[in-house]
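Q: Just dropping this structure here.
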Amino acid sequence: MIYDVRHVTRYRYEAPVATNSCVLHLTPRSTDGQETTANHIDIRPLPTGAAERVDIFGNRVIRMRIEAPHRELVIESTAQVKVERPAPPAAGLTPAWENVAAAAADSDSLGTDSPALGLFESRLVGLYDEITDYARSSFPPGRPIYEAGLDLSRRIHADFAYDKAVTEVATPPEVAFAKRGGVCQDFAHIMIAALRGLGLPALYVSGYIRTIPPPGKPRLVGADASHAWAQLWCGREFGWLGLDPTNAIPVGDDHIVVAVGRDYADVAPVEGVIVSSGGQALDVEVDVTPRTF
Amino acid sequence: MASESRSASSPPGPDRVAAWTADYRPLPGIPDEFIAADGAKRAYWTRFLDALAALSPEEIAQRFAAADRRIRDMGVSYRVHGEAAERHWPLGRMPLLIAEAEWREIARGVEQRAELLERILADLYGEGKLVAEGFLPAAAIAGSKDYLPQMNGVKPRGGHWLRLYAAEIGRGPDGRWWVLGDRAQAPSGSGYTLENRLVLSQTFPAFFREMNVERLAPFFRELRAGMRAAADRPDPRICILTPGPWSQTYFEQAYLARYLGFLLIEGADLVMNEGRMFVRTIAGLKRADVLWRHVDSDWVDPLELNPASRLGAPGLIDAIRASGVAVENMPGTGLLESRALLAFLPRLAERLLGETLRMPNIATWWCGQSRARDHVLASLDEIAIAGAFTRDAPGFAGRPIVLGSELSAEERGRLEKRLAERGVDFVGQEVARLSTTPHWENGKLAPRPFVLRVYAAATPDGWRVMPGGFCRVSDKPDARVVSMGEGVESADVWVLADKPVEASTLLPARSEQRIVRLLGNLPSRAADNLFWFGRYIERCEATLRLARCLTNRAIDPDASSAVARQSIDKLKTVLVAWGAIPADAGKQAAVEASAAALRSEENYGSALSIARAARHAASIIRERLTQDTWRLIGGLEEGLARSGGRPLSEPEILDAVEAALTTIAALSGLFDENFNRGAGWYFYDIGRRVERGINTCRFARQLADKPATDNNLDVLLDLIDSQITYRSRYLTGVAPALVRDMALLDPFNPRSVGFQVATIDDHIAGLPVLRQDGMLEEPRRLSIQLRAELSTDDAERMDGRAILAIEQRLAHLADAIGARYFLQSGKPKHAEKIMSLA
């Protein structure tokens with residue numbers, strides 16, 4: 001499947017902003033059954049010193065600064081992404097979760113795919129006894145890891161209400177957990193906290209999900225905005241596998257991965273520091289359109 | 001050995017030593033510095049005590065008291081996390097003594113360890129062989145919050161990840177020294193070490209000399225040389241990046257800046273531009289070549305690290321990647337402080353250095369590995385459990401160390417479960433008992449546990465170890481952890497050479513402890529705070545004069561007359577207008593209003609509140625102030641606060657005002673006589689004169705507007721301290737135009753507005769300009785205009801409106817000065833995060 005993605009971020013500032021430094025995670029990855037064949041990021045006003053680099057998770061990160069005073073910042077990212085993800089493995093064939101935990105602690109890599117990077121508390125996701133306890137019933141001794149992970153994602157989908165009014169961007173996972181509700185970011189964070197609590201490596205994925213459903217299928221939650229889900233490391237052989245607790249489905253060709261990190265803080269689409277005395281308003285538009293041939 | 005002086009009448013020295021040490025018993029099984037394992041007293045301790053005993057008890061007491069006084073006077077202080085007030089530095093009476101031969105072994109061990117740790121960092125952020133080859137599990141590194149993947153592939157400018165490293169050491173049960181922990185983030189204490197030395201060497205100058213104590217100054221010179229060498233130009237600007245006055249060790253940072261001649265800056269002072277870092281100064285952006293980082297890694301760059309940080313500079317990590325700035329120590333070095341790493345160091349020493357560790361560290365098992373975890377679980381009763389990466393043991397908040405043997409059944413069950421599920425978060429460690437050293441308590445010596453922090457610096461000639469260190473001594477006989485806080489003292493550490501040591505001064509002579517300042521290098525933050533310090537001091541003085549005037553008028557026999565009453569009301573109006581007394585104080589008796597203006601905690605404009613604000617502004621530029629100045633600033637606030645909440649009589653108010661005015665006069669004198677006439681002094685003086693000009697306008701509007709009573713004019717002359725000048729110049733009584741001229745225009749009266757403006761204009765003329773294009777900068781344009789007008793105006797036409805216009809233009813000039821020279825008013829603020837809602 002080939003998608004056209006358009007993601008527009010627009011800030012309006014009450015008072016002129018003298019300098020604006022930003023980090024952008026907006027370019028979809030070209031890994032794991034996905035290829036970004038074209039992309040363009042348009043920034044107005046024009047930045048000085050924009051540079052791209054690849055971070056430890058393999059994300060393409062852009063840093064840029066705007067030095068001219070401005071009252072509006074518009075970042076428009078467009079990309080063409082081809083997604084042909086291999087089918088997820090048969091869950092029953094993945095290793096027992098305890099063995100995965102031991103292999104993760106023993107990992108001999110600090111590189112891009114290292115499970116060690118997903119093993120510990122991170123800026124926004126700590127370890128919480130209640131969340132770990134919640135996860136336990138999905139992880140009886142010896143259960144294949146991916147099977148257990150899918151079960152946990154289905155339980156989160158069933159037990160938690162999708163409700164934009166319950167949380168905000170900074171809501172900690174334990175609050176969303178206690179309220180039994182939230183949005184995809186919260187579900188992903190809860191899932192990650194649950195898995196890490198059991199000593200399993202988990203990461204946060206920021207991306208998109210297709211806007212227009214195939215004929216006869218329901219529209220998926222999270223369309224027309226950024227989406228987020230989790231990745232679980234399933235041992236050396238199977239590596240990282242996506243789990244979408246918001247929709248309780250495996251991650252397949254409807255998902256487009258933009259960036260992977262320890263939690264939202266590592267992959268926020270636009271993160272910036274401005275020097276200004278006034279407030280600001282933000283407006284985001286996302287379109288994900290599959291090409292029809 | 002010669003003593004400081006001898007007293008013929010006191011009991012002989014040996015008896016006194018016997019009395020001090022009669023009850024001295026090392027704790028069973030714990031090594032002690034004074035009495036060795038075989039029961040023998042160490043010779044150098046005996047020498048030291050004999051020398052001390054040669055002094056009379058009175059003289060000893062006197063010298064100890066002088067040391068305490070010196071610490072207070074120097075303002076040596078620290079802060080306990082979460083406390084608002086700073087604490088005076090507790091320096092113990094006894095130094096920690098270590099003989100040269102033993103010290104050499106320690107130094108070699110620390111040197112080796114520093115080199116090992118440096119190589120580990122270079123590998124982890126570089127090739128990554130240690131992890132790939134299985135010498136270090138990836139999870140034992142990734143668990144540290146200070147492992148920064150952002151640093152991968154970075155080559156530190158200057159070639160070092162660690163510039164200053166410190167090892168915490170103690171004597172093990174076998175009498176050998178061993179390492180208890182590593183400090184690699186931003187090791188603190190080196191500045192306090194200098195302070196301790198300065199104080200103790202002045203307390204016992206003769207013993208200090210005769211016991212051949214190794215000097216500290218050469219170490220700091222070499223540290224500085226190392227930092228210098230990291231820069232890419234010959235005369236680099238080296239800055240200490242401080243978290244600011246609320247930091248626990250701000251005093252030390254300010255002290256080191258002054259001692260080493262570095263610039264003390266905060267993150268907001270820095271700007272990244274094209275891969276280099278710059279300091280905002282009054283002459284524009286100036287290169288920052290080297291940053292000695294005292295801000296934890298996670299906080300140094302809000303763009304790439306903690307977005308909540310207000311302590312860092314956006315883009316710093318980028319500048320580091322571009323090799324445009326040397327940061328000492330590099331961000332990411334803090335991972336060396338993880339206990340998890342201790343488990344692997346012996347093997348890593350062999351792998352990287354081909355050597356065994358010269359100084360062992362405390363035996364440690366990282367529970368992320370199943371064999372180590374099984375061992376720990378099996379020996380839970382003999383082993384201490386601690387966090388592999390965290391201060392406290394995970395799940396045991398507030399407890400750095402958990403002893404298996406001390407756990408309840410419930411706690412033990414919880415711990416075992418956690419160890420099974422997340423063993424990666426724990427280490428097991430051999431239970432360490434700290435060794436002891438003599439501590440002076442109530443005129444006797446007692447063995448008390450201590451920890452010694454030893455510093456190593458990367459210099460152009462390799463690692464150098466400071467001969468001495470930062471020693472903390474507990475006042476409890478049994479301690480497992482000693483950190484600065486309740487019941488802990490620091491001790492100076494004397495490394496005793498076999499031969500006389502070459503004299504080496506720690507500090508420039510006291511008379512040279514002045515600010516060395518080049519025009520144009522003044523950071524905007526310092527200019528800002530000097531300006532506001534000047535304004536606060538002037539405002540404080542004006543408030544005191546108002547309170548005095550009000551009290552004097554109230555006790556005047558004619559106070560009840562209508563004219564006198566009117567003057568009193570006007571004085572109250574001024575005090576209400578600047579928040580010195582509450583708005584409803586009009587009904588209060590004058591004496592109560594005066595007392596409130598003096599020392600009220602609630603009113604932001606009281607002399608006490610203003611003195612506090614002045615002290616805060618001064619604390620931000622502390623490294624630029626002399627000890628005397630700092631002491632007077634503290635004294636001003638303390639003096640005003642002293643009377644507490646009890647009602648004051650008129651004479652008491654007048655006494656308090658006089659005392660405070662005297663302090664301010666002394667402070668003014670110190671500034672005028674001692675402060676270099678560079679940009680810094682200009683800003684201080686501009687601040688004072690802007691404030692004085694504005695205040696005088698305010699007084700004149702209240703008291704000299706048409707029609708003015710004689711009584712009011714008389715009060716005005718009091719407030720602007722111009723009674724004598726007026727009387728000597730005019731034999732007539734007070735006349736409105738004459739008083740107005742004296743208060744507003746007279747260029748020869750140092751209290752007039754005209755005089756203030758002329759001085760401000762001269763000062764601004766001496767400040768650097770950004771562009772040499774012949775155009776006046778805004779502050780100068782305004783000061784010239786105002787000066788010209790005041791020089792040509794006529795006192796006759798000066799009514800309230802005309803005076804208000806001058807006052808407003810002064811305020812406008814102050815704003816223009818702020819906009820041109822100070823940090824931008826808007827604090828760095830975060831772009832709102834995108835709500836990536838589903």
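By order in the structure tokens, chains are A, B, ...; within a chain, residues start at 1; ligands start at 1, following the order shown.
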Which residues come within 8 Å of Ser190 in chain B, counting only C-alpha atoms, excluding same-chain residues fewer than 6 positions away, as a list in words?
A: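 Final neighbour list, sorted by chain and number: Glu252, Tyr455, Gly469 and Phe470 of chain B.
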Q: Restricting it to N, CA and C atoms, dump the selection as a PDB file, in the first residue's frame.
A:
ATOM      1  N   GLU B 252      30.163  27.241  46.514  1.00  0.00           N
ATOM      2  CA  GLU B 252      31.403  26.661  45.996  1.00  0.00           C
ATOM      3  C   GLU B 252      31.648  27.090  44.548  1.00  0.00           C
ATOM      4  N   TYR B 455      40.229  13.792  44.442  1.00  0.00           N
ATOM      5  CA  TYR B 455      40.000  14.338  43.107  1.00  0.00           C
ATOM      6  C   TYR B 455      41.161  14.070  42.162  1.00  0.00           C
ATOM      7  N   GLY B 469      41.808  16.462  50.039  1.00  0.00           N
ATOM      8  CA  GLY B 469      40.499  16.072  49.548  1.00  0.00           C
ATOM      9  C   GLY B 469      39.396  16.612  50.406  1.00  0.00           C
ATOM     10  N   PHE B 470      38.228  16.122  50.103  1.00  0.00           N
ATOM     11  CA  PHE B 470      37.032  16.587  50.779  1.00  0.00           C
ATOM     12  C   PHE B 470      36.589  15.465  51.700  1.00  0.00           C
TER      13      PHE B 470
END
Q: Skipping near chain neighbours, those fewer than 3 positions away, what residues fall within 9 Å of Glu72 in chain A using only C-alpha atoms, listed as a PDB file with C-alpha atoms, in the first residue's frame?
A:
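Output (around11.pdb):
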ATOM      1  CA  ARG A  10       0.660  25.733  12.906  1.00  0.00           C
ATOM      2  CA  TYR A  11       1.617  27.875  15.905  1.00  0.00           C
ATOM      3  CA  ARG A  12       0.259  31.357  16.379  1.00  0.00           C
ATOM      4  CA  TYR A  13       1.992  33.522  18.976  1.00  0.00           C
ATOM      5  CA  PRO A  16       6.445  38.278  18.378  1.00  0.00           C
ATOM      6  CA  VAL A  17       8.889  35.439  18.944  1.00  0.00           C
ATOM      7  CA  ARG A  44       7.716  29.178   7.297  1.00  0.00           C
ATOM      8  CA  PRO A  45       9.358  31.543   8.169  1.00  0.00           C
TER       9      PRO A  45
END
Q: Show me, as number ranges by chain, the residues of chain A whose atoms get within 8 Å of chain B, using only C-alpha atoms for the distance check.
A: A: 21-23, 49, 55-56, 102, 104-110, 116-117, 119-120, 164, 168-169, 183-185, 197-199, 221-223, 225-228, 268-277, 280, 282, 284
Q: DSSP says strand (DSSP E or B) for which residues of range 33-241 of chain B? Put them as a ChimeraX atom specification?
A: /B:35,41,77-78,87-88,91,96-99,164-171,177-183,213,238-241
Q: Would you please work out which residue, of B:Tyr147, B:Asp558, B:Ala363, B:Val154, is nearest to Gly126 in chain B when using only C-alpha atoms?
A: B:Val154
Q: Quick one: everything within 12 Å of Lys570 in chain B, counting only C-alpha atoms, minus sequence neighbours fewer than 2 positions away in the same chain. Send it as a ChimeraX atom specification.
A: /B:546,549-550,553,563-568,572-577,586,590,698-705,708-709,711-713,715-716
Q: Given the selection you just returned, output its residues as a file containing N, CA and C atoms, formatted as an mmCIF file, in the first residue's frame.
A:
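New file again_32.cif:
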data_model
loop_
_atom_site.group_PDB
_atom_site.id
_atom_site.type_symbol
_atom_site.label_atom_id
_atom_site.label_comp_id
_atom_site.auth_asym_id
_atom_site.auth_seq_id
_atom_site.Cartn_x
_atom_site.Cartn_y
_atom_site.Cartn_z
ATOM 1 N N LEU B 546 12.709 57.949 54.961
ATOM 2 C CA LEU B 546 11.294 58.272 55.143
ATOM 3 C C LEU B 546 10.836 57.882 56.547
ATOM 4 N N CYS B 549 12.282 60.293 59.037
ATOM 5 C CA CYS B 549 11.628 61.578 58.929
ATOM 6 C C CYS B 549 10.245 61.528 59.587
ATOM 7 N N LEU B 550 9.533 60.460 59.295
ATOM 8 C CA LEU B 550 8.185 60.293 59.844
ATOM 9 C C LEU B 550 8.245 60.234 61.376
ATOM 10 N N ARG B 553 9.157 63.680 62.841
ATOM 11 C CA ARG B 553 8.037 64.632 62.788
ATOM 12 C C ARG B 553 6.995 64.278 63.835
ATOM 13 N N VAL B 563 -0.208 72.030 59.800
ATOM 14 C CA VAL B 563 0.864 71.935 58.795
ATOM 15 C C VAL B 563 1.715 70.697 59.014
ATOM 16 N N ALA B 564 2.015 70.437 60.299
ATOM 17 C CA ALA B 564 2.831 69.262 60.601
ATOM 18 C C ALA B 564 2.073 67.996 60.224
ATOM 19 N N ARG B 565 0.781 67.984 60.540
ATOM 20 C CA ARG B 565 -0.031 66.816 60.202
ATOM 21 C C ARG B 565 -0.014 66.566 58.701
ATOM 22 N N GLN B 566 -0.087 67.650 57.938
ATOM 23 C CA GLN B 566 -0.107 67.508 56.489
ATOM 24 C C GLN B 566 1.193 66.861 55.990
ATOM 25 N N SER B 567 2.332 67.298 56.557
ATOM 26 C CA SER B 567 3.611 66.703 56.158
ATOM 27 C C SER B 567 3.637 65.211 56.476
ATOM 28 N N ILE B 568 3.141 64.882 57.660
ATOM 29 C CA ILE B 568 3.131 63.469 58.068
ATOM 30 C C ILE B 568 2.293 62.650 57.087
ATOM 31 N N LYS B 572 3.421 59.508 54.639
ATOM 32 C CA LYS B 572 2.718 58.221 54.603
ATOM 33 C C LYS B 572 2.281 57.885 53.184
ATOM 34 N N THR B 573 1.829 58.918 52.451
ATOM 35 C CA THR B 573 1.395 58.680 51.075
ATOM 36 C C THR B 573 2.516 58.072 50.238
ATOM 37 N N VAL B 574 3.725 58.649 50.408
ATOM 38 C CA VAL B 574 4.856 58.115 49.654
ATOM 39 C C VAL B 574 5.112 56.655 50.045
ATOM 40 N N LEU B 575 5.074 56.388 51.350
ATOM 41 C CA LEU B 575 5.355 55.023 51.817
ATOM 42 C C LEU B 575 4.302 54.034 51.324
ATOM 43 N N VAL B 576 3.037 54.455 51.314
ATOM 44 C CA VAL B 576 1.979 53.588 50.793
ATOM 45 C C VAL B 576 2.228 53.350 49.308
ATOM 46 N N ALA B 577 2.581 54.418 48.581
ATOM 47 C CA ALA B 577 2.720 54.321 47.124
ATOM 48 C C ALA B 577 3.782 53.304 46.739
ATOM 49 N N GLY B 586 -2.906 55.013 56.625
ATOM 50 C CA GLY B 586 -3.196 56.424 56.862
ATOM 51 C C GLY B 586 -3.767 56.648 58.259
ATOM 52 N N ALA B 590 1.889 57.387 63.477
ATOM 53 C CA ALA B 590 3.108 57.527 62.691
ATOM 54 C C ALA B 590 4.168 56.526 63.140
ATOM 55 N N ARG B 698 9.684 61.847 43.165
ATOM 56 C CA ARG B 698 8.477 61.499 43.912
ATOM 57 C C ARG B 698 8.324 62.355 45.158
ATOM 58 N N PHE B 699 9.435 62.511 45.894
ATOM 59 C CA PHE B 699 9.379 63.356 47.093
ATOM 60 C C PHE B 699 8.982 64.771 46.697
ATOM 61 N N ALA B 700 9.593 65.269 45.640
ATOM 62 C CA ALA B 700 9.364 66.661 45.252
ATOM 63 C C ALA B 700 7.919 66.855 44.804
ATOM 64 N N ARG B 701 7.371 65.850 44.129
ATOM 65 C CA ARG B 701 5.971 65.981 43.708
ATOM 66 C C ARG B 701 5.052 66.095 44.921
ATOM 67 N N GLN B 702 5.344 65.299 45.944
ATOM 68 C CA GLN B 702 4.509 65.355 47.140
ATOM 69 C C GLN B 702 4.732 66.647 47.928
ATOM 70 N N LEU B 703 5.987 67.058 48.025
ATOM 71 C CA LEU B 703 6.326 68.074 49.028
ATOM 72 C C LEU B 703 6.636 69.451 48.456
ATOM 73 N N ALA B 704 6.937 69.539 47.149
ATOM 74 C CA ALA B 704 7.343 70.843 46.613
ATOM 75 C C ALA B 704 6.429 71.320 45.487
ATOM 76 N N ASP B 705 5.337 70.585 45.260
ATOM 77 C CA ASP B 705 4.398 71.052 44.244
ATOM 78 C C ASP B 705 3.762 72.346 44.749
ATOM 79 N N ALA B 708 3.552 75.050 48.059
ATOM 80 C CA ALA B 708 4.281 74.227 49.027
ATOM 81 C C ALA B 708 4.382 74.947 50.363
ATOM 82 N N THR B 709 4.142 74.203 51.463
ATOM 83 C CA THR B 709 4.303 74.822 52.782
ATOM 84 C C THR B 709 5.764 74.770 53.184
ATOM 85 N N ASN B 711 6.894 73.811 55.937
ATOM 86 C CA ASN B 711 7.109 72.546 56.634
ATOM 87 C C ASN B 711 7.435 71.426 55.642
ATOM 88 N N ASN B 712 6.634 71.384 54.543
ATOM 89 C CA ASN B 712 6.866 70.352 53.536
ATOM 90 C C ASN B 712 8.232 70.501 52.878
ATOM 91 N N LEU B 713 8.601 71.733 52.581
ATOM 92 C CA LEU B 713 9.906 71.973 51.949
ATOM 93 C C LEU B 713 11.027 71.536 52.884
ATOM 94 N N VAL B 715 10.808 69.148 55.122
ATOM 95 C CA VAL B 715 10.846 67.685 55.088
ATOM 96 C C VAL B 715 11.613 67.215 53.849
ATOM 97 N N LEU B 716 11.345 67.869 52.722
ATOM 98 C CA LEU B 716 12.026 67.472 51.483
ATOM 99 C C LEU B 716 13.543 67.608 51.630
#
Q: By how many Å are CA of Tyr208 in chain A and CA of Gly149 in chain A apart?
A: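 Between these atoms lies a distance of 21.1 Å.
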Q: Which value, in Å to one decimal, gives the distance between CA of Thr437 in chain B and CA of Glu33 in chain B?
A: 4.9 Å
Q: List the neighbours of Gly239 in chain A out to 9 Å using only C-alpha atoms; skip same-chain residues closer than 6 positions along the sequence, and give me the result as a CSV table (one decimal) with N, CA and C atoms, in the first residue's frame.
A:
chain,number,residue,atom,x,y,z
A,113,ASP,N,18.6,-1.3,17.6
A,113,ASP,CA,17.5,-2.2,17.9
A,113,ASP,C,17.7,-2.9,19.3
A,115,PRO,N,17.3,-4.2,22.8
A,115,PRO,CA,16.2,-4.2,23.8
A,115,PRO,C,16.5,-3.5,25.1
A,232,LEU,N,6.9,-4.2,21.3
A,232,LEU,CA,7.4,-5.2,22.3
A,232,LEU,C,8.5,-6.0,21.7
A,233,TRP,N,9.6,-6.1,22.5
A,233,TRP,CA,10.7,-6.9,22.0
A,233,TRP,C,10.4,-8.4,22.3
Q: Using only C-alpha atoms, which protein or nucleic acid residues come within 12 Å of Thr132 in chain A? Drop anything in the same chain fewer than 6 positions from it, and give the result as JSON, numbers by chain.
A: {"A": [126, 138, 139, 152, 173, 174, 177, 190, 191, 192, 193, 194, 195, 196, 197, 198, 199, 200], "B": [418, 421, 422]}
Q: Within 6 Å of range 25-41 of chain A, counting only C-alpha atoms, which residues qualify if same-chain residues fewer than 4 places away don't, as a ChimeraX atom specification?
A: /A:61,76-85,257-258,267,269
Q: Could you find all residues in range 13-133 of chain A that DSSP calls helix (DSSP H, G or I) from the backbone, and write them as a list in words?
A: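 Listing helix (DSSP H, G or I) positions across range 13-133 of chain A yields Ala91, Gly92, Leu93, Trp97, Glu98, Asn99, Val100, Ala101, Ala102, Ala103, Ala104, Ala105, Pro115, Ala116, Leu117, Gly118, Asp129, Glu130, Ile131, Thr132 and Asp133 of chain A.
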Q: Store the residues picked out above, limited to N, CA and C atoms, as a JSON list (two decimals), in the first residue's frame.
A:
[["chain", "number", "residue", "atom", "x", "y", "z"],
["A", 91, "ALA", "N", 1.63, -16.24, 16.96],
["A", 91, "ALA", "CA", 1.92, -15.85, 18.34],
["A", 91, "ALA", "C", 2.42, -17.02, 19.17],
["A", 92, "GLY", "N", 1.86, -18.19, 18.93],
["A", 92, "GLY", "CA", 2.22, -19.36, 19.73],
["A", 92, "GLY", "C", 3.65, -19.82, 19.52],
["A", 93, "LEU", "N", 4.26, -19.35, 18.45],
["A", 93, "LEU", "CA", 5.62, -19.81, 18.17],
["A", 93, "LEU", "C", 6.69, -18.93, 18.80],
["A", 97, "TRP", "N", 7.84, -15.66, 27.68],
["A", 97, "TRP", "CA", 8.18, -14.28, 28.01],
["A", 97, "TRP", "C", 9.33, -14.17, 29.00],
["A", 98, "GLU", "N", 9.43, -15.17, 29.93],
["A", 98, "GLU", "CA", 10.53, -15.08, 30.91],
["A", 98, "GLU", "C", 11.89, -15.19, 30.22],
["A", 99, "ASN", "N", 11.92, -16.00, 29.17],
["A", 99, "ASN", "CA", 13.19, -16.15, 28.45],
["A", 99, "ASN", "C", 13.55, -14.86, 27.72],
["A", 100, "VAL", "N", 12.51, -14.18, 27.24],
["A", 100, "VAL", "CA", 12.75, -12.90, 26.56],
["A", 100, "VAL", "C", 13.31, -11.89, 27.56],
["A", 101, "ALA", "N", 12.73, -11.86, 28.76],
["A", 101, "ALA", "CA", 13.21, -10.93, 29.79],
["A", 101, "ALA", "C", 14.68, -11.19, 30.10],
["A", 102, "ALA", "N", 15.04, -12.47, 30.25],
["A", 102, "ALA", "CA", 16.43, -12.80, 30.56],
["A", 102, "ALA", "C", 17.35, -12.39, 29.40],
["A", 103, "ALA", "N", 16.89, -12.65, 28.16],
["A", 103, "ALA", "CA", 17.71, -12.29, 27.00],
["A", 103, "ALA", "C", 17.89, -10.78, 26.92],
["A", 104, "ALA", "N", 16.86, -10.03, 27.30],
["A", 104, "ALA", "CA", 16.95, -8.57, 27.23],
["A", 104, "ALA", "C", 17.99, -8.06, 28.22],
["A", 105, "ALA", "N", 17.97, -8.60, 29.45],
["A", 105, "ALA", "CA", 18.93, -8.16, 30.46],
["A", 105, "ALA", "C", 20.36, -8.52, 30.05],
["A", 115, "PRO", "N", 17.34, -4.15, 22.81],
["A", 115, "PRO", "CA", 16.23, -4.24, 23.77],
["A", 115, "PRO", "C", 16.54, -3.48, 25.06],
["A", 116, "ALA", "N", 17.82, -3.28, 25.36],
["A", 116, "ALA", "CA", 18.17, -2.61, 26.62],
["A", 116, "ALA", "C", 17.59, -1.20, 26.68],
["A", 117, "LEU", "N", 17.42, -0.59, 25.50],
["A", 117, "LEU", "CA", 16.92, 0.79, 25.48],
["A", 117, "LEU", "C", 15.45, 0.87, 25.91],
["A", 118, "GLY", "N", 14.75, -0.26, 25.83],
["A", 118, "GLY", "CA", 13.33, -0.24, 26.17],
["A", 118, "GLY", "C", 13.02, -0.82, 27.53],
["A", 129, "ASP", "N", 3.44, -0.24, 40.48],
["A", 129, "ASP", "CA", 3.01, -1.57, 40.95],
["A", 129, "ASP", "C", 1.63, -1.93, 40.42],
["A", 130, "GLU", "N", 0.69, -0.96, 40.42],
["A", 130, "GLU", "CA", -0.69, -1.28, 40.00],
["A", 130, "GLU", "C", -0.72, -1.71, 38.55],
["A", 131, "ILE", "N", 0.06, -1.01, 37.72],
["A", 131, "ILE", "CA", 0.03, -1.34, 36.28],
["A", 131, "ILE", "C", 0.70, -2.69, 36.04],
["A", 132, "THR", "N", 1.80, -2.93, 36.75],
["A", 132, "THR", "CA", 2.46, -4.24, 36.60],
["A", 132, "THR", "C", 1.51, -5.35, 37.06],
["A", 133, "ASP", "N", 0.83, -5.12, 38.19],
["A", 133, "ASP", "CA", -0.11, -6.13, 38.68],
["A", 133, "ASP", "C", -1.22, -6.39, 37.66]]
